[in-house]
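Only one structure is covered here, and it is reproduced in the block below.
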Amino acid sequence: MGDAELVARALAGEPTAFESLIRRWSPRLLAYARAGIANRAIADEIAQESLLRAVRNLPSLQQPDRFGPWLLSIAHRLILDWRKAKARGEISAANPAETLAPGTECSASDDRDPGWICARHEEHQMLRDAIDTLPEALRQVLLIYYYDDVTYDEVATMLGVSRATVNARLGKARTLLKARLAKTRSDR
Amino acid sequence: MNCQFFAEHLGEWLDNELSLVDAQTMAAHCEHCGHCWAEAESLRGLDRLLGAELTISSAEIDHLCAHVLTNAPEPRPTGSVARAPATHSTRWLSGSARLGTAAAVGFLAAWLLIRMPRVDELRGPLARQPFAVLSPIIPEASIQATSADTTHQVRQSTSPFVSVGCAVTAPAEHPCEMQVSGGGVIRLDHATRISVESPQKVQLQRGKLWFLGTRECAPVTVQTPHLSVICQDSDCHVTVSAGVAAIDALRGAVRVESATGRDGESSPHVLMAGQRMTLDARQQVAIAAVDPLLLPSWMDRLLALKGPNPELHHRVAALWQQLTPAGQPNVYETELRKIGISCSGELASFLCPQRPDTSAPPITVDDEKRRERAAMILADVVDYDSAQPLVQLLADNNPGVRYHAARGLARVAGHSFNETPADWRAMSQAECELVADAWRRWLDNPYESLPPRAPRKKKA
């Protein structure tokens with residue numbers, strides 16, 4: 001069922017249609033938000049706010065088959081607003097501690113070797129720190145590519161760049177990550 | 001294949017973004033080069049790490065959905081206009097601003113009532129005699145028509161008529177075509193400007209104009225600064241640039257009258273097809289030969305948008321005839337490439353005719369060269385929907401034609417059934433048929449035949 005039909009059904013009051021729309025576009029929306037903002041908690045909040053605004057303004061959507069790009073444009077504006085607010089000092093520069101994604105916490109009740117669990121957690125933290133230090137353009141391509149599990153062409157379309165640019169940025173990001181991870185490991 | 005090429009394309013290879021041929025080449029190099037193998041393994045490790053870390057789990061999606069569904073208002077039924085609650089960012093109309101807006105609207109309404117033209121004046125352009133009708137080739141095409149008292153846009157969706165007494169400017173983005181009321185077709189290049197003086201006379205002020213006449217149509221006069229061109233059952237191409245005019249006769253005879261000499265007496269000329277007349281700064285007339293095939297390239301987009309039509313067929317056929325080594329095939333090849341995918345049907349029909357003409361003379365070496373060049377163009381312009389003729393050409397007697405057919409199919413499909421285009425030059429007829437059969441099955445149902453994309457990462 002296409003987006004246009006789901007939007008029509010959602011406007012007609014069918015609750016499952018709206019949930020289907022959310023589930024269909026949540027992965028890409030989360031990927032886009034996390035690619036735009038380094039702090040995952042804030043990125044997830046922006047994703048939530050984007051969906052809420054989409055719900056409120058759904059009757060005004062002129063092209064129902066373009067629900068996805070419309071939703072991403074809402075997220076894009078929210079990301080820009082957040083950045084402007086941060087630049088003006090309206091948002092605290094000290095980022096709150098990131099919440100781990102569900103399923104990755106160090107749980108005491110986990111049957112796996114605690115040493116292994118913490119080592120994995122440390123490795124993930126190292127990787128996240130390295131990703132956060134990447135230049136904005138490289139980080140954005142990397143996160144969208146992996147979070148959304150898309151092709152080079154789809155990333156190019158989302159970001160409005162060429163496929164060659166996506167390839168170059170992804171390669172550069174990986175090269176930088178390898179170097180930084182190697183340095184971090186050698187420093188420890 | 002060398003290590004530098006491998007390093008440059010390593011990411012694409014691991015991400016399954018390369019064609020099958022290139023991927024196989026990369027794999028073969030990796031098997032024999034320890035350094036590149038190590039690089040690939042290192043990148044695979046990082047890819048696994050990133051894939052495991054940068055993943056959105058179903059739990060996260062459930063959490064997001066639950067939050068939105070809990071906090072979102074119910075969508076309004078279709079048909080009612082749901083107004084979003086006003087936020088502080090939309091409460092911009094203060095009380096005084098509202099009063100000011102109302103006053104401005106009232107003033108505007110009063111101004112319109114006073115200044116509004118009378119009903120009969122509104123019919124001005126429409127009451128005048130129509131000259132031509134805008135052809136429905138480009139739906140969004142819009143011609144600006146200016147008369148003594150008004151300027152309006154001529155559009156398919158509203159009023160596609162161009163009237164006598166108007167000055168017409170073609171769009172800046174693309175050429176346009178008009179059907180003349182008295183018969184014939186006028187095409188205007190980008191931003192060309194003409195003035196319609198009577199139902200059978202226009203003045204070309206700047207740009208390029210192409211008139212296609214028929215035997216039944218009334219004669220049309222195209223006026224330039226110093227030349228008058230009279231066309232009836234003929235095709236003429238008139239250009240005015242910086243006050244200098246050039247007239248090309250492309251089909252039939254075109255009569256041209258120019259004012260020469262001190263007393264201004266006009267001396268008529270008759271241009272035959274393939275002749276060009278120009279008037280230089282000293283008002284001297286010069287006549288030279290011109291290639292009719294190379295002039296209409298600015299109209300190719302219009303012809304292509306019309307879809308299959310006799311005019312496009314004749315143009316492609318004429319260009320196809322010029323693809324021989326004896327002439328200037330590169331020039332005509334360029335014209336065919338400008339037409340693009342719209343020429344693919346015609347080229348395919350020339351390359352693999354449905355009913356071979358048994359009375360035709362034997363194919364010469366030049367014919368084979370022409371076929372090879374046409375196959376090369378076809379391979380570069382087709383898309384998936386128009387690639388069927390390439391499969392037929394895989395079994396062609398000409399190795400060069402087979403090579404280009406295979407190249408075109410590899411480009412469209414992204415794979416080549418393990419046969420590189422170069423292999424097709426040396427394959428036997430039986431081998432050609434075997435792989436051609438695989439291609440036919442793929443074109444019928446591409447999603448079954450292609451190997452599935454390997455999973456990039458495992459979900460956490």
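Every chain in the structure tokens takes a letter, A first, then B, and so on in the order presented; its residues are numbered from 1, and the ligands are numbered from 1 following the presented order.
The chain A residues that come within 6 Å of chain B are A:Leu11, A:Ala12, A:Gly13, A:Leu52, A:Tyr146, A:Tyr147, with only C-alpha atoms taken into account.
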Under the rule that only C-alpha atoms are counted, which of A:Leu29, A:Leu181, A:Val55, A:Leu78 is the nearest residue to Val7 (chain A)?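 Selected residue with least distance to Val7 (chain A): A:Val55.
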Fewer than 2 positions away in the same chain doesn't count, so skip those; otherwise give me all residues within 9 Å of region 300-312 of chain B, counting only C-alpha atoms, as a short mmCIF file (atom, residue, chain, number, x, y, z; two decimals) with N, CA, C and O atoms, in the first residue's frame.
data_model
loop_
_atom_site.label_atom_id
_atom_site.label_comp_id
_atom_site.auth_asym_id
_atom_site.auth_seq_id
_atom_site.Cartn_x
_atom_site.Cartn_y
_atom_site.Cartn_z
N ILE B 137 2.66 20.45 -26.99
CA ILE B 137 3.79 19.52 -26.89
C ILE B 137 4.36 19.56 -25.48
O ILE B 137 4.57 18.53 -24.84
N ILE B 138 4.63 20.77 -25.03
CA ILE B 138 5.16 20.95 -23.68
C ILE B 138 4.04 21.53 -22.84
O ILE B 138 3.66 22.68 -23.03
N HIS B 174 12.84 26.81 -23.45
CA HIS B 174 12.68 25.78 -24.47
C HIS B 174 12.00 26.38 -25.69
O HIS B 174 11.37 27.43 -25.62
N PRO B 175 12.15 25.74 -26.86
CA PRO B 175 11.45 26.23 -28.05
C PRO B 175 9.96 25.93 -27.94
O PRO B 175 9.52 25.17 -27.07
N CYS B 176 9.18 26.51 -28.85
CA CYS B 176 7.75 26.27 -28.84
C CYS B 176 7.25 26.18 -30.28
O CYS B 176 7.96 26.54 -31.22
N GLU B 177 6.04 25.68 -30.41
CA GLU B 177 5.47 25.46 -31.75
C GLU B 177 4.05 25.99 -31.77
O GLU B 177 3.31 25.86 -30.78
N PRO B 296 18.25 22.10 -37.84
CA PRO B 296 17.12 21.99 -36.91
C PRO B 296 17.46 21.41 -35.54
O PRO B 296 16.59 21.00 -34.82
N SER B 297 18.72 21.36 -35.14
CA SER B 297 19.04 20.69 -33.88
C SER B 297 18.39 21.40 -32.69
O SER B 297 18.09 20.78 -31.68
N TRP B 298 18.11 22.70 -32.82
CA TRP B 298 17.45 23.38 -31.69
C TRP B 298 16.01 22.94 -31.54
O TRP B 298 15.39 23.18 -30.51
N HIS B 314 11.87 10.85 -40.36
CA HIS B 314 12.64 11.31 -41.52
C HIS B 314 13.96 11.92 -41.10
O HIS B 314 14.99 11.74 -41.77
N ARG B 315 13.96 12.63 -40.00
CA ARG B 315 15.21 13.28 -39.55
C ARG B 315 16.22 12.20 -39.14
O ARG B 315 17.39 12.27 -39.52
N VAL B 316 15.76 11.22 -38.35
CA VAL B 316 16.69 10.17 -37.92
C VAL B 316 17.18 9.37 -39.12
O VAL B 316 18.37 9.02 -39.22
N ALA B 317 16.25 9.13 -40.05
CA ALA B 317 16.65 8.37 -41.25
C ALA B 317 17.70 9.13 -42.04
O ALA B 317 18.68 8.56 -42.52
N GLU B 335 24.40 14.89 -33.80
CA GLU B 335 22.99 15.27 -33.93
C GLU B 335 22.08 14.17 -33.41
O GLU B 335 21.09 14.42 -32.73
N LYS B 338 22.05 14.12 -29.72
CA LYS B 338 21.26 15.20 -29.14
C LYS B 338 19.79 14.80 -29.07
O LYS B 338 19.08 15.18 -28.14
N ILE B 339 19.34 14.04 -30.06
CA ILE B 339 17.95 13.58 -30.02
C ILE B 339 17.77 12.59 -28.88
O ILE B 339 16.73 12.54 -28.24
N GLY B 340 18.80 11.80 -28.64
CA GLY B 340 18.79 10.95 -27.44
C GLY B 340 17.93 9.72 -27.62
O GLY B 340 17.81 9.15 -28.70
N ILE B 341 17.27 9.36 -26.55
CA ILE B 341 16.54 8.09 -26.52
C ILE B 341 15.40 8.08 -27.53
O ILE B 341 14.95 7.01 -27.97
N SER B 342 14.92 9.27 -27.94
CA SER B 342 13.82 9.31 -28.90
C SER B 342 14.21 8.78 -30.26
O SER B 342 13.34 8.49 -31.08
N CYS B 343 15.49 8.69 -30.54
CA CYS B 343 15.91 8.14 -31.84
C CYS B 343 16.13 6.64 -31.77
O CYS B 343 16.43 6.01 -32.80
N GLY B 345 14.14 4.06 -31.27
CA GLY B 345 13.23 3.21 -32.02
C GLY B 345 13.55 3.21 -33.50
O GLY B 345 13.56 2.15 -34.15
N GLU B 346 13.84 4.40 -34.03
CA GLU B 346 14.14 4.50 -35.46
C GLU B 346 15.46 3.80 -35.78
O GLU B 346 15.56 3.05 -36.75
#
Excluding Thr184 (chain A) and residues on its chain fewer than 3 positions from it, collect all residues at most 12 Å away from it, counting only C-alpha atoms, and give them as a ChimeraX atom specification. /A:122-123,125-127,129-130,177-181,187-188
Report, in Å to a single decimal, how far apart CA of Val229 (chain B) and CA of Ser258 (chain B) are.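 Answer for the CA of Ser258 (chain B) to CA of Val229 (chain B) separation: 8.9 Å.
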Identify, on the basis of only C-alpha atoms, every residue whose closest approach to Gly184 (chain B) does not exceed 7 Å; exclude the query and any residue fewer than 5 positions from it along the same chain; express the result as a PDB file with N, CA and C atoms, in the first residue's frame.
ATOM      1  N   GLN B 179       0.483  26.255 -34.402  1.00  0.00           N
ATOM      2  CA  GLN B 179      -0.217  25.859 -35.634  1.00  0.00           C
ATOM      3  C   GLN B 179      -0.843  27.122 -36.210  1.00  0.00           C
ATOM      4  N   LEU B 212       7.139  25.548 -41.426  1.00  0.00           N
ATOM      5  CA  LEU B 212       6.876  24.356 -42.242  1.00  0.00           C
ATOM      6  C   LEU B 212       5.563  24.583 -42.977  1.00  0.00           C
ATOM      7  N   GLY B 213       5.679  24.714 -44.266  1.00  0.00           N
ATOM      8  CA  GLY B 213       4.489  24.995 -45.064  1.00  0.00           C
ATOM      9  C   GLY B 213       3.950  23.747 -45.740  1.00  0.00           C
ATOM     10  N   THR B 214       2.715  23.839 -46.168  1.00  0.00           N
ATOM     11  CA  THR B 214       2.100  22.739 -46.925  1.00  0.00           C
ATOM     12  C   THR B 214       1.486  23.312 -48.198  1.00  0.00           C
ATOM     13  N   CYS B 217      -1.687  25.355 -47.464  1.00  0.00           N
ATOM     14  CA  CYS B 217      -1.717  26.525 -46.586  1.00  0.00           C
ATOM     15  C   CYS B 217      -1.528  27.804 -47.400  1.00  0.00           C
TER      16      CYS B 217
END
Mind pulling up the distance from CA of Leu18 (chain B) to CA of Gln388 (chain B)?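 Those two atoms sit 23.7 Å apart.
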As an exercise, work out the distance from CA of Leu209 (chain B) to CA of Thr334 (chain B) in Å and give it to one decimal place.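 A separation of 22.4 Å between them.
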Output as a CSV table (one decimal) with N, CA and C atoms, in the first residue's frame all residues of region 217-424 of chain B that backbone DSSP marks as strand (DSSP E).
chain,number,residue,atom,x,y,z
B,220,VAL,N,2.8,32.5,-46.2
B,220,VAL,CA,3.2,33.2,-45.0
B,220,VAL,C,4.4,34.1,-45.3
B,221,THR,N,4.4,35.3,-44.9
B,221,THR,CA,5.6,36.2,-45.0
B,221,THR,C,6.2,36.4,-43.7
B,222,VAL,N,7.5,36.2,-43.7
B,222,VAL,CA,8.3,36.4,-42.5
B,222,VAL,C,9.2,37.7,-42.8
B,223,GLN,N,9.0,38.7,-42.1
B,223,GLN,CA,9.7,40.0,-42.3
B,223,GLN,C,10.9,40.1,-41.4
B,227,LEU,N,14.8,41.9,-45.2
B,227,LEU,CA,14.5,40.9,-46.1
B,227,LEU,C,13.0,40.4,-45.8
B,228,SER,N,12.3,40.1,-46.8
B,228,SER,CA,11.0,39.5,-46.7
B,228,SER,C,11.0,38.1,-47.3
B,229,VAL,N,10.6,37.1,-46.5
B,229,VAL,CA,10.6,35.7,-46.9
B,229,VAL,C,9.2,35.2,-47.1
B,230,ILE,N,8.9,34.7,-48.3
B,230,ILE,CA,7.6,34.2,-48.5
B,230,ILE,C,7.6,32.7,-48.7
B,231,CYS,N,6.9,32.0,-47.9
B,231,CYS,CA,6.9,30.6,-47.9
B,231,CYS,C,5.5,30.1,-48.1
B,235,ASP,N,9.8,24.7,-46.6
B,235,ASP,CA,10.3,24.8,-45.2
B,235,ASP,C,11.4,25.9,-45.2
B,236,CYS,N,11.3,26.9,-44.4
B,236,CYS,CA,12.4,27.8,-44.3
B,236,CYS,C,12.8,28.1,-42.9
B,237,HIS,N,14.0,28.5,-42.7
B,237,HIS,CA,14.6,28.8,-41.4
B,237,HIS,C,15.1,30.2,-41.4
B,238,VAL,N,14.6,31.1,-40.6
B,238,VAL,CA,15.0,32.5,-40.6
B,238,VAL,C,15.7,32.8,-39.3
B,239,THR,N,16.8,33.5,-39.3
B,239,THR,CA,17.5,33.9,-38.1
B,239,THR,C,17.8,35.4,-38.1
B,240,VAL,N,17.5,36.0,-37.0
B,240,VAL,CA,17.9,37.4,-36.9
B,240,VAL,C,18.7,37.6,-35.6
B,241,SER,N,19.9,38.1,-35.8
B,241,SER,CA,20.8,38.3,-34.6
B,241,SER,C,21.5,39.6,-34.8
B,244,VAL,N,21.1,41.4,-38.1
B,244,VAL,CA,21.5,40.7,-39.3
B,244,VAL,C,20.7,39.5,-39.5
B,245,ALA,N,20.2,39.3,-40.8
B,245,ALA,CA,19.2,38.2,-41.0
B,245,ALA,C,19.9,37.2,-41.9
B,246,ALA,N,19.5,35.9,-41.7
B,246,ALA,CA,19.9,34.8,-42.5
B,246,ALA,C,18.7,34.0,-42.8
B,247,ILE,N,18.5,33.6,-44.1
B,247,ILE,CA,17.4,32.8,-44.5
B,247,ILE,C,17.9,31.5,-45.1
B,248,ASP,N,17.4,30.4,-44.6
B,248,ASP,CA,17.8,29.0,-45.1
B,248,ASP,C,16.6,28.4,-45.7
B,249,ALA,N,16.8,27.9,-47.0
B,249,ALA,CA,15.7,27.2,-47.6
B,249,ALA,C,16.0,25.7,-47.4
B,250,LEU,N,15.1,25.0,-46.8
B,250,LEU,CA,15.3,23.6,-46.4
B,250,LEU,C,14.5,22.6,-47.2
B,251,ARG,N,13.4,23.0,-47.7
B,251,ARG,CA,12.6,22.2,-48.5
B,251,ARG,C,11.8,23.1,-49.4
B,254,VAL,N,11.9,28.9,-51.7
B,254,VAL,CA,11.6,30.0,-50.8
B,254,VAL,C,11.9,31.3,-51.5
B,255,ARG,N,10.9,32.2,-51.6
B,255,ARG,CA,11.1,33.5,-52.3
B,255,ARG,C,11.5,34.5,-51.3
B,256,VAL,N,12.5,35.3,-51.6
B,256,VAL,CA,13.1,36.3,-50.7
B,256,VAL,C,13.1,37.6,-51.4
B,257,GLU,N,12.6,38.6,-50.8
B,257,GLU,CA,12.7,40.0,-51.4
B,257,GLU,C,13.5,40.8,-50.5
B,258,SER,N,14.5,41.5,-51.1
B,258,SER,CA,15.3,42.4,-50.3
B,258,SER,C,15.3,43.8,-51.0
B,259,ALA,N,15.6,44.8,-50.2
B,259,ALA,CA,15.7,46.2,-50.7
B,259,ALA,C,17.1,46.5,-50.9
B,266,SER,N,13.1,46.6,-54.6
B,266,SER,CA,13.3,45.3,-54.1
B,266,SER,C,13.6,44.4,-55.3
B,267,SER,N,14.5,43.5,-55.0
B,267,SER,CA,14.9,42.5,-56.0
B,267,SER,C,14.6,41.1,-55.5
B,268,PRO,N,13.7,40.4,-56.1
B,268,PRO,CA,13.4,39.0,-55.5
B,268,PRO,C,14.5,38.0,-55.9
B,269,HIS,N,14.6,37.1,-54.9
B,269,HIS,CA,15.5,35.9,-55.1
B,269,HIS,C,14.6,34.7,-54.8
B,270,VAL,N,15.0,33.6,-55.5
B,270,VAL,CA,14.3,32.3,-55.1
B,270,VAL,C,15.4,31.4,-54.6
B,271,LEU,N,15.3,31.0,-53.4
B,271,LEU,CA,16.3,30.1,-52.8
B,271,LEU,C,15.8,28.6,-53.0
B,275,GLN,N,20.1,26.2,-49.7
B,275,GLN,CA,20.8,27.5,-49.9
B,275,GLN,C,20.5,28.4,-48.8
B,276,ARG,N,21.5,29.2,-48.5
B,276,ARG,CA,21.3,30.3,-47.5
B,276,ARG,C,21.6,31.6,-48.0
B,277,MET,N,20.8,32.6,-47.6
B,277,MET,CA,21.0,34.0,-48.1
B,277,MET,C,21.2,34.8,-46.8
B,278,THR,N,22.2,35.6,-46.9
B,278,THR,CA,22.5,36.6,-45.8
B,278,THR,C,22.6,38.0,-46.4
B,279,LEU,N,22.4,38.9,-45.5
B,279,LEU,CA,22.5,40.3,-45.9
B,279,LEU,C,23.6,40.9,-45.0
B,285,VAL,N,23.9,41.2,-50.6
B,285,VAL,CA,23.3,39.8,-50.5
B,285,VAL,C,24.3,38.8,-50.8
B,286,ALA,N,24.4,37.7,-50.0
B,286,ALA,CA,25.3,36.6,-50.3
B,286,ALA,C,24.5,35.3,-50.2
B,287,ILE,N,24.8,34.4,-51.1
B,287,ILE,CA,24.1,33.1,-51.1
B,287,ILE,C,25.2,32.1,-51.0
B,288,ALA,N,24.9,31.1,-50.1
B,288,ALA,CA,25.9,30.0,-49.9
B,288,ALA,C,25.1,28.7,-49.7
B,289,ALA,N,25.9,27.6,-49.7
B,289,ALA,CA,25.3,26.3,-49.4
B,289,ALA,C,25.2,26.1,-47.9
Rank B:Val401, B:Ala141, B:Ala253, B:Leu188 by their smallest atom-to-atom distance to Asp367 (chain B), using only C-alpha atoms, and report the top residue only.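 Comparing B:Val401, B:Ala141, B:Ala253, B:Leu188 against Asp367 (chain B), the winner is B:Val401.
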